[in-house]
file my_file-v1.cif (mmCIF, C-alpha atoms and all ligand atoms)
data_work
#
loop_
_atom_site.label_atom_id
_atom_site.label_comp_id
_atom_site.auth_asym_id
_atom_site.auth_seq_id
_atom_site.Cartn_x
_atom_site.Cartn_y
_atom_site.Cartn_z
CA MET A 746 28.50 -7.31 36.05
CA ASP A 747 27.63 -3.75 35.09
CA LYS A 748 29.99 -1.37 33.38
CA ILE A 749 31.33 1.92 34.67
CA PRO A 750 29.74 4.77 32.70
CA VAL A 751 32.31 7.21 31.28
CA PHE A 752 31.30 10.72 30.24
CA PHE A 753 33.27 12.54 27.56
CA ASN A 754 32.60 14.84 24.64
CA ILE A 755 34.97 15.30 21.72
CA GLU A 756 34.41 19.09 21.96
CA GLN A 757 36.66 18.97 25.03
CA LEU A 758 39.60 18.53 22.63
CA ASN A 759 39.00 21.86 20.93
CA PHE A 760 41.26 23.78 23.27
CA GLN A 761 45.00 23.22 22.89
CA PRO A 762 47.12 25.44 25.13
CA LYS A 763 50.60 25.60 23.61
CA TYR A 764 53.03 27.09 26.09
CA GLU A 765 53.59 28.30 29.60
CA TRP A 766 56.54 29.91 31.30
CA VAL A 767 58.30 28.23 34.22
CA LEU A 768 61.30 29.92 35.83
CA GLY A 769 61.67 32.17 32.80
CA LYS A 770 61.63 29.27 30.36
CA LYS A 771 59.00 28.74 27.74
CA ILE A 772 57.89 25.12 27.96
CA LYS A 773 55.29 23.02 26.13
CA HIS A 774 52.04 23.28 28.01
CA PRO A 775 51.52 20.09 30.04
CA GLU A 776 47.71 20.18 29.85
CA THR A 777 47.42 18.74 26.35
CA THR A 778 44.62 17.10 24.39
CA ARG A 779 46.81 14.00 24.25
CA ARG A 780 46.04 13.51 27.94
CA ALA A 781 42.37 12.99 27.18
CA GLN A 782 43.21 10.84 24.17
CA SER A 783 45.44 8.60 26.30
CA ILE A 784 42.59 8.07 28.76
CA TYR A 785 39.98 7.61 26.06
CA ARG A 786 42.03 4.98 24.26
CA ALA A 787 42.74 3.01 27.41
CA LEU A 788 39.04 2.96 28.38
CA LYS A 789 37.95 2.09 24.86
CA LYS A 790 40.22 -0.98 24.92
CA GLU A 791 38.06 -2.53 27.64
CA PRO A 792 34.49 -2.38 26.34
CA GLU A 793 33.38 -5.03 28.84
CA ALA A 794 34.40 -2.75 31.71
CA PHE A 795 33.49 0.74 30.50
CA ASP A 796 30.47 2.22 28.81
CA ILE A 797 31.56 5.40 27.02
CA ILE A 798 28.70 7.89 26.79
CA THR A 799 28.79 11.08 24.70
CA THR A 800 28.21 13.89 27.18
CA PRO A 801 25.13 16.00 26.41
CA GLU A 802 25.04 19.76 27.05
CA ILE A 803 25.19 21.33 30.48
CA PRO A 804 22.52 23.89 31.40
CA LEU A 805 24.06 27.36 31.79
CA LEU A 806 22.39 27.49 35.21
CA ALA A 807 24.62 24.66 36.44
CA LEU A 808 27.71 26.74 35.60
CA ARG A 809 26.20 29.82 37.21
CA GLN A 810 25.44 28.06 40.47
CA THR A 811 29.17 27.58 40.99
CA HIS A 812 30.75 30.51 39.10
CA ASN A 813 29.92 34.19 38.96
CA SER A 814 28.67 35.79 35.80
CA GLN A 815 31.78 37.95 35.28
CA LEU A 816 33.99 34.88 34.93
CA ILE A 817 31.56 33.35 32.45
CA THR A 818 31.46 36.66 30.52
CA LEU A 819 35.26 36.72 30.37
CA TYR A 820 35.35 33.27 28.73
CA SER A 821 32.81 34.41 26.17
CA THR A 822 34.94 37.53 25.56
CA ALA A 823 37.85 35.17 24.92
CA GLN A 824 35.84 33.60 22.10
CA ASN A 825 36.62 36.78 20.13
CA ILE A 826 40.38 36.21 20.31
CA PRO A 827 41.51 35.64 16.68
CA GLU A 828 41.94 31.98 15.71
CA GLY A 829 45.48 30.83 16.44
CA GLU A 830 46.20 33.58 18.99
CA THR A 831 46.40 33.03 22.72
CA PHE A 832 46.01 35.43 25.62
CA HIS A 833 48.24 34.70 28.59
CA PRO A 834 47.07 36.72 31.59
CA CYS A 835 50.06 38.76 32.69
CA VAL A 836 48.74 41.76 34.64
CA PHE A 837 47.34 40.86 38.04
CA PRO A 838 45.98 44.06 39.60
CA GLN A 839 45.90 45.15 43.21
CA ARG A 840 42.34 44.20 43.88
CA LYS A 841 41.23 47.16 46.01
CA THR A 842 41.30 49.79 43.27
CA ALA A 843 40.72 47.69 40.18
CA GLN A 844 37.58 48.13 38.12
CA PRO A 845 37.44 44.90 36.18
CA ASP A 846 35.66 44.69 32.85
CA PRO A 847 35.09 41.07 31.77
CA ASN A 848 34.36 42.31 28.23
CA ASN A 849 37.98 43.47 27.97
CA ILE A 850 40.38 40.56 27.46
CA ASN A 851 43.23 42.73 28.80
CA HIS A 852 41.49 42.49 32.17
CA ALA A 853 41.71 38.68 32.24
CA GLY A 854 44.37 38.88 34.96
CA PHE A 855 41.77 40.20 37.39
CA PHE A 856 39.94 36.89 37.14
CA CYS A 857 43.03 34.73 37.23
CA PHE A 858 45.71 33.75 39.74
CA ASP A 859 48.53 32.30 37.68
CA SER A 860 50.17 32.84 34.31
CA GLY A 861 50.03 29.22 33.14
CA THR A 862 46.34 29.15 32.29
CA PRO A 863 45.87 30.76 28.87
CA LEU A 864 42.71 31.79 27.06
CA ASN A 865 41.80 31.54 23.40
CA ASN A 866 38.70 31.32 21.24
CA ASN A 867 38.19 27.64 22.14
CA THR A 868 38.64 27.83 25.91
CA TRP A 869 34.95 28.36 26.56
CA THR A 870 33.91 25.40 24.41
CA ALA A 871 36.33 22.89 25.93
CA ALA A 872 35.86 24.08 29.51
CA THR A 873 32.08 24.00 29.24
CA TRP A 874 32.05 20.47 27.83
CA SER A 875 34.51 19.38 30.48
CA ALA A 876 32.12 20.70 33.14
CA ALA A 877 29.26 19.01 31.30
CA SER A 878 31.00 15.64 31.61
CA ALA A 879 31.32 16.12 35.38
CA TYR A 880 27.73 17.32 35.69
CA HIS A 881 26.26 14.37 33.79
CA ALA A 882 28.43 11.82 35.58
CA ALA A 883 27.10 13.22 38.86
CA LYS A 884 23.55 13.17 37.54
CA GLN A 885 23.90 9.51 36.59
CA VAL A 886 24.96 8.69 40.14
CA GLY A 887 22.36 11.01 41.70
CA ARG A 888 19.57 9.34 39.77
CA GLY A 889 20.74 5.99 41.07
CA LYS A 890 21.51 4.75 37.56
CA SER A 891 24.99 3.72 38.59
CA ARG A 892 26.86 3.41 41.90
CA VAL A 893 29.97 4.81 40.20
CA ALA A 894 30.56 7.05 37.20
CA TYR A 895 33.67 8.61 35.69
CA ALA A 896 33.92 12.02 34.05
CA LEU A 897 36.81 12.31 31.62
CA SER A 898 36.94 16.01 32.39
CA ARG A 899 39.60 17.96 30.57
CA PRO A 900 40.57 20.77 31.01
CA PRO A 901 40.73 20.03 34.75
CA GLY A 902 38.85 21.97 37.44
CA HIS A 903 39.93 21.77 41.06
CA HIS A 904 42.00 24.99 41.11
CA ALA A 905 39.19 27.10 39.64
CA ASN A 906 37.36 29.30 42.08
CA LYS A 907 33.89 30.84 42.04
CA GLU A 908 35.30 33.97 40.42
CA SER A 909 38.79 33.10 39.20
CA PHE A 910 40.70 30.59 37.12
CA GLY A 911 44.24 29.19 37.26
CA GLY A 912 46.32 26.02 37.52
CA TYR A 913 45.09 24.90 34.06
CA CYS A 914 41.50 25.02 35.40
CA TYR A 915 38.58 27.18 34.17
CA PHE A 916 35.41 25.72 35.67
CA ASN A 917 35.48 23.75 38.88
CA ASN A 918 34.11 20.47 37.55
CA ALA A 919 34.05 18.71 40.93
CA ALA A 920 32.22 21.63 42.56
CA ILE A 921 29.66 21.64 39.74
CA ALA A 922 29.15 17.90 40.27
CA ALA A 923 28.82 18.44 44.02
CA ARG A 924 26.18 21.16 43.56
CA GLU A 925 24.18 18.75 41.42
CA LEU A 926 24.41 15.96 44.01
CA ARG A 927 23.55 18.38 46.81
CA LYS A 928 19.99 18.35 45.44
CA LYS A 929 19.82 14.77 46.72
CA GLY A 930 22.00 14.80 49.83
CA ARG A 931 25.28 15.59 51.53
CA VAL A 932 28.54 15.26 49.64
CA ALA A 933 32.15 14.46 50.53
CA ILE A 934 34.84 15.44 48.04
CA VAL A 935 38.17 13.65 48.31
CA ASP A 936 40.86 15.24 46.13
CA ILE A 937 43.75 12.91 45.29
CA ASP A 938 45.43 15.13 42.68
CA PHE A 939 49.07 15.91 43.54
CA HIS A 940 48.11 19.57 44.02
CA HIS A 941 45.91 21.07 46.68
CA GLY A 942 42.35 21.58 45.45
CA ASN A 943 42.28 25.23 46.41
CA GLY A 944 39.29 26.15 44.25
CA THR A 945 37.10 23.41 45.66
CA GLN A 946 38.21 24.29 49.19
CA ASP A 947 37.27 27.96 48.68
CA ILE A 948 33.92 27.26 47.07
CA PHE A 949 32.75 25.14 50.02
CA TYR A 950 34.79 26.81 52.77
CA GLU A 951 31.75 28.00 54.71
CA ASN A 952 29.61 25.00 53.85
CA ASP A 953 28.82 22.28 56.40
CA GLN A 954 26.97 20.07 53.89
CA VAL A 955 29.98 19.47 51.65
CA LEU A 956 33.08 17.99 53.27
CA THR A 957 36.26 18.76 51.34
CA ILE A 958 39.45 16.75 51.87
CA SER A 959 42.63 17.15 49.83
CA ILE A 960 45.83 15.06 49.99
CA HIS A 961 48.73 16.81 48.27
CA GLY A 962 52.37 17.82 48.03
CA ASN A 963 53.63 20.58 50.31
CA PRO A 964 52.34 23.96 49.10
CA LYS A 965 55.52 25.57 50.42
CA ARG A 966 57.22 23.97 47.42
CA HIS A 967 54.37 23.22 45.04
CA PHE A 968 51.49 24.94 43.32
CA PRO A 969 49.16 26.55 44.47
CA PHE A 970 51.67 27.78 47.12
CA PHE A 971 49.24 30.00 49.04
CA ALA A 972 46.76 27.38 50.20
CA GLY A 973 46.59 23.77 51.26
CA PHE A 974 47.88 23.93 54.83
CA PRO A 975 46.39 21.83 57.64
CA GLU A 976 45.25 24.89 59.62
CA GLU A 977 42.74 25.72 56.86
CA VAL A 978 39.75 23.91 58.36
CA GLY A 979 36.79 25.92 57.02
CA SER A 980 35.07 28.93 58.51
CA GLY A 981 31.68 29.94 59.89
CA LYS A 982 29.28 27.03 59.64
CA GLY A 983 31.89 25.27 57.52
CA LYS A 984 34.46 25.14 60.30
CA GLY A 985 35.65 21.57 60.63
CA PHE A 986 34.43 20.63 57.15
CA ASN A 987 37.67 21.18 55.24
CA MET A 988 40.77 19.06 55.67
CA ASN A 989 44.23 19.42 54.13
CA ILE A 990 46.75 16.61 54.33
CA ILE A 991 50.34 17.17 53.19
CA LEU A 992 52.52 14.21 52.28
CA PRO A 993 56.29 14.56 51.78
CA ASP A 994 57.89 14.59 48.34
CA GLY A 995 58.77 11.06 47.31
CA SER A 996 55.72 9.52 49.02
CA GLY A 997 54.70 6.14 47.61
CA LEU A 998 51.84 3.73 48.25
CA LYS A 999 52.59 3.00 51.91
CA PRO A 1000 52.12 6.51 53.34
CA TYR A 1001 49.34 7.13 50.86
CA LEU A 1002 47.26 4.14 51.97
CA LYS A 1003 47.99 4.85 55.61
CA THR A 1004 46.69 8.40 55.17
CA LEU A 1005 43.56 7.14 53.44
CA LYS A 1006 42.82 4.47 56.04
CA THR A 1007 43.67 6.37 59.21
CA ILE A 1008 42.59 9.93 58.34
CA VAL A 1009 40.46 10.19 55.21
CA LEU A 1010 38.13 7.20 55.64
CA PRO A 1011 37.29 7.92 59.30
CA ALA A 1012 36.62 11.59 58.47
CA VAL A 1013 34.31 10.72 55.57
CA GLN A 1014 32.52 8.02 57.59
CA HIS A 1015 32.04 10.39 60.52
CA PHE A 1016 30.48 12.97 58.18
CA GLU A 1017 27.99 10.34 56.91
CA PRO A 1018 27.58 11.76 53.40
CA ASP A 1019 25.16 10.44 50.82
CA TYR A 1020 27.63 10.80 47.96
CA LEU A 1021 31.37 10.69 47.37
CA ILE A 1022 33.15 12.71 44.70
CA ILE A 1023 36.75 11.86 43.94
CA ALA A 1024 38.77 14.62 42.27
CA ALA A 1025 41.22 12.21 40.69
CA GLY A 1026 44.55 13.56 39.50
CA PHE A 1027 47.31 11.23 38.40
CA ASP A 1028 50.16 13.71 38.74
CA THR A 1029 50.99 11.63 41.83
CA TYR A 1030 52.51 9.14 39.35
CA ILE A 1031 56.19 8.30 39.71
CA HIS A 1032 57.02 9.59 36.22
CA ASP A 1033 54.87 12.71 36.35
CA PRO A 1034 56.82 15.77 35.15
CA ILE A 1035 55.12 18.10 37.68
CA GLY A 1036 54.22 16.10 40.79
CA SER A 1037 56.76 14.53 43.14
CA PHE A 1038 54.99 11.54 44.65
CA GLU A 1039 55.98 8.07 43.53
CA LEU A 1040 52.83 6.05 42.91
CA SER A 1041 52.79 3.26 40.34
CA THR A 1042 50.09 2.17 37.92
CA GLN A 1043 49.21 -0.82 40.17
CA ASP A 1044 49.04 1.44 43.22
CA TYR A 1045 46.04 3.28 41.80
CA GLU A 1046 43.96 0.09 41.87
CA LYS A 1047 44.71 -0.32 45.59
CA ILE A 1048 43.83 3.31 46.24
CA GLY A 1049 40.59 2.78 44.33
CA GLN A 1050 39.78 -0.29 46.43
CA VAL A 1051 40.26 1.62 49.68
CA LEU A 1052 38.04 4.47 48.50
CA ALA A 1053 35.44 1.94 47.30
CA SER A 1054 35.37 0.41 50.78
CA ILE A 1055 33.45 3.49 51.95
CA LYS A 1056 30.62 2.05 49.83
CA LEU A 1057 29.12 5.37 48.82
CA PRO A 1058 27.69 6.21 45.39
CA THR A 1059 30.81 7.66 43.81
CA THR A 1060 31.49 10.15 41.02
CA VAL A 1061 35.07 10.31 39.79
CA ILE A 1062 36.16 13.56 38.15
CA GLN A 1063 39.39 13.62 36.16
CA GLU A 1064 41.88 16.30 37.30
CA GLY A 1065 45.64 16.45 36.56
CA GLY A 1066 48.16 13.86 35.39
CA TYR A 1067 50.80 14.85 32.84
CA PHE A 1068 52.79 11.74 31.98
CA THR A 1069 50.62 11.16 28.97
CA ARG A 1070 51.96 7.76 27.91
CA ASP A 1071 50.75 6.02 31.06
CA LEU A 1072 47.88 8.30 32.04
CA GLY A 1073 45.21 6.11 30.47
CA ASP A 1074 46.56 2.97 32.16
CA ASN A 1075 46.60 4.78 35.50
CA VAL A 1076 42.97 5.83 35.13
CA VAL A 1077 41.93 2.30 34.14
CA SER A 1078 43.81 0.86 37.12
CA PHE A 1079 42.11 3.28 39.51
CA LEU A 1080 38.64 2.65 38.09
CA LYS A 1081 39.17 -1.12 38.34
CA GLY A 1082 39.77 -0.57 42.04
CA LEU A 1083 36.33 1.03 42.23
CA LYS A 1084 34.51 -1.82 40.42
CA GLY A 1085 33.45 -3.31 43.73
CA LEU A 1086 30.94 -0.48 44.01
CA LEU A 1087 28.93 -1.94 41.13
CA SER A 1088 28.16 -5.29 42.76
N1 LIG A 1101 54.86 23.41 34.64
C1 LIG A 1101 46.47 20.47 37.90
O1 LIG A 1101 47.11 19.46 38.14
N2 LIG A 1101 52.11 25.07 37.30
N3 LIG A 1101 47.05 21.68 37.78
C2 LIG A 1101 53.16 24.16 37.52
C3 LIG A 1101 55.01 23.37 36.06
C4 LIG A 1101 50.79 24.82 37.79
C5 LIG A 1101 48.47 21.83 37.91
C6 LIG A 1101 54.37 24.55 36.74
C7 LIG A 1101 50.38 23.40 37.96
C8 LIG A 1101 48.88 23.25 37.97
C9 LIG A 1101 44.99 20.39 37.70
ZN ZN A 1102 47.58 18.55 39.84
#
call {"tool": "encode", "arguments": {"input": "my_file-v1.cif", "output": "structure tokens"}}
result
Amino acid sequence: MDKIPVFFNIEQLNFQPKYEWVLGKKIKHPETTRRAQSIYRALKKEPEAFDIITTPEIPLLALRQTHNSQLITLYSTAQNIPEGETFHPCVFPQRKTAQPDPNNINHAGFFCFDSGTPLNNNTWTAATWSAASAYHAAKQVGRGKSRVAYALSRPPGHHANKESFGGYCYFNNAAIAARELRKKGRVAIVDIDFHHGNGTQDIFYENDQVLTISIHGNPKRHFPFFAGFPEEVGSGKGKGFNMNIILPDGSGLKPYLKTLKTIVLPAVQHFEPDYLIIAAGFDTYIHDPIGSFELSTQDYEKIGQVLASIKLPTTVIQEGGYFTRDLGDNVVSFLKGLKGLLS
């Protein structure tokens, strides 16, 4: 049996955010390089199941098809931040009168929607390679070289918008993958991170060729707070092509599988896409310090099996998941559930 190709580049480890502030407390930043290392190690332990490929570069054009040039300029401005220093966006202007200058790092808050997503001289490098992993995983699937591929994307992407960053995300890796696959057909994105994929939703909100579905914790209580409600269904041509599903805190496998089988699968099948992208966060894990669902390591294999039953060429993009010790095992479990796609 074939192996699942895994895309990762060591450059993604360059960026190490140190802190964020939650309820006035300075805490260790959850989006650590150890997350990627946990996943890498777990995949490496099973060489008969996974083929780890060093991600090559991403063309700048692929970033620019999803993000505007000001955001890209801001990240290159951040490359001038002195080594060891970090810029935490802290001034978020009233947008009507602001005259943003992406060459001025003090203006970063214009391009940002939360204070937990810092910039330093390595942000650009890591975020670009993270996007590259998603892009090349999608390309592998688009070329028909594999029916499933996994991008070990880190930093994550699904909160990042066309022109703004936040929620630990800089480039929207899943959206970049979707744009690549759109060259070959229609795409459904299913986001199983604990948080609503607000960036992905926004990017495709008026698009009827990309179906976006997100299953997440209640935004009344959880990040990103201002989006992720069921009444957000898309607009213009895209009306009816966005779906938000809220599950209660404490949800385990039973409601999760029921949601997949009775809502998500029928919606994807009705859309008849050519490709499936899974924005896969594991902050739905029972021990996750941020999410409040209660999925177990074994549960991810079952979730993978249900998503594999759609039988579409599938690109999996890594999103959140902050209980580092078990993160790698959770990813492996999920990908094992998808192995049926290879045969
Ligand atoms: N420290 C992703 O999972 N802040 N982003 C939560 C708790 C934002 C999570 C505060 C969470 C963003 C990709
Ligand atoms: Zn998340």
call {"tool": "residues_around", "arguments": {"input": "my_file-v1.cif", "residues": "Lys928 in chain A", "least_positions_apart": "5", "cutoff": "12 Å", "atoms": "only C-alpha atoms", "output": "list of chain:residue names"}}
result
A:Ala807, A:Ala883, A:Lys884, A:Gly887, A:Arg888, A:Ile921, A:Ala922, A:Ala923, A:Gln954, A:Val955, A:Asp1019, A:Tyr1020
call {"tool": "residues_near_ligand", "arguments": {"input": "my_file-v1.cif", "ligand": "ligand LIG 1101 (chain A)", "cutoff": "7 Å", "atoms": "only C-alpha atoms and all ligand atoms", "output": "number ranges by chain"}}
result
A: 767, 775, 861, 901-904, 912-914, 938-940, 968, 1026, 1028, 1035, 1064-1066
call {"tool": "closest_residue", "arguments": {"input": "my_file-v1.cif", "among": "A:Arg931, A:Arg966, A:Lys1006, A:Arg840", "to": "Asp994 in chain A", "atoms": "all atoms listed in the file"}}
result
A:Arg966
call {"tool": "atom_distance", "arguments": {"input": "my_file-v1.cif", "atom1": "CA of Thr800 in chain A", "atom2": "CA of Trp869 in chain A"}}
result
16.0 Å
call {"tool": "closest_residue", "arguments": {"input": "my_file-v1.cif", "among": "A:Ile797, A:Ala1012, A:Ala972, A:Leu1083", "to": "Ile1048 in chain A", "atoms": "all atoms listed in the file"}}
result
A:Leu1083
call {"tool": "closest_residue", "arguments": {"input": "my_file-v1.cif", "among": "A:Ser1037, A:Asn849, A:Thr818, A:Thr868", "to": "ligand ZN 1102 (chain A)", "atoms": "only C-alpha atoms and all ligand atoms"}}
result
A:Ser1037
call {"tool": "residues_around", "arguments": {"input": "my_file-v1.cif", "residues": "Lys773 in chain A", "least_positions_apart": "3", "cutoff": "8 Å", "atoms": "only C-alpha atoms", "output": "PyMOL selection string"}}
result
chain A and resi 763-765
call {"tool": "atom_distance", "arguments": {"input": "my_file-v1.cif", "atom1": "CA of Ala905 in chain A", "atom2": "CA of Thr1059 in chain A"}}
result
21.6 Å
call {"tool": "closest_residue", "arguments": {"input": "my_file-v1.cif", "among": "A:Gly1073, A:Ile934, A:Gly1085, A:Ile960", "to": "ligand ZN 1102 (chain A)", "atoms": "only C-alpha atoms and all ligand atoms"}}
result
A:Ile960
call {"tool": "atom_distance", "arguments": {"input": "my_file-v1.cif", "atom1": "CA of Tyr1045 in chain A", "atom2": "CA of Gly1082 in chain A"}}
result
7.4 Å
call {"tool": "residues_near_point", "arguments": {"input": "my_file-v1.cif", "point": "(45.4, 25.7, 12.3)", "cutoff": "12 Å", "atoms": "all atoms listed in the file", "output": "list in words"}}
result
Asn759, Phe760, Gln761, Pro827, Glu828, Gly829 and Glu830 of chain A
call {"tool": "closest_residue", "arguments": {"input": "my_file-v1.cif", "among": "A:Ser1041, A:Asn813, A:Thr1029, A:Ser980", "to": "ligand ZN 1102 (chain A)", "atoms": "all atoms listed in the file"}}
result
A:Thr1029
call {"tool": "closest_residue", "arguments": {"input": "my_file-v1.cif", "among": "A:Pro1058, A:Pro750, A:Gly930, A:Pro863", "to": "Leu788 in chain A", "atoms": "only C-alpha atoms"}}
result
A:Pro750
call {"tool": "residues_around", "arguments": {"input": "my_file-v1.cif", "residues": "Ile990 in chain A", "least_positions_apart": "5", "cutoff": "8 Å", "atoms": "only C-alpha atoms", "output": "PyMOL selection string"}}
result
chain A and resi 958-961+973-975
call {"tool": "write_last_selection", "arguments": {"input": "my_file-v1.cif", "atoms": "C-alpha atoms", "output": "compact mmCIF listing (two decimals), in the frame of the given file"}}
result
# COMPACT_ATOMS: atom_id res chain seq x y z
CA ILE A 958 39.45 16.75 51.87
CA SER A 959 42.63 17.15 49.83
CA ILE A 960 45.83 15.06 49.99
CA HIS A 961 48.73 16.81 48.27
CA GLY A 973 46.59 23.77 51.26
CA PHE A 974 47.88 23.93 54.83
CA PRO A 975 46.39 21.83 57.64
call {"tool": "residues_near_point", "arguments": {"input": "my_file-v1.cif", "point": "(40.5, 39.5, 27.2)", "cutoff": "7 Å", "atoms": "all atoms listed in the file", "output": "ChimeraX atom specification"}}
result
/A:819,822-823,848-853
call {"tool": "axis_aligned_box", "arguments": {"input": "my_file-v1.cif", "around": "range 878-887 of chain A", "padding_each_side": "3 Å", "output": "JSON"}}
result
{"center_x": 26.8, "center_y": 13.0, "center_z": 36.7, "size_x": 15.0, "size_y": 14.6, "size_z": 16.1}
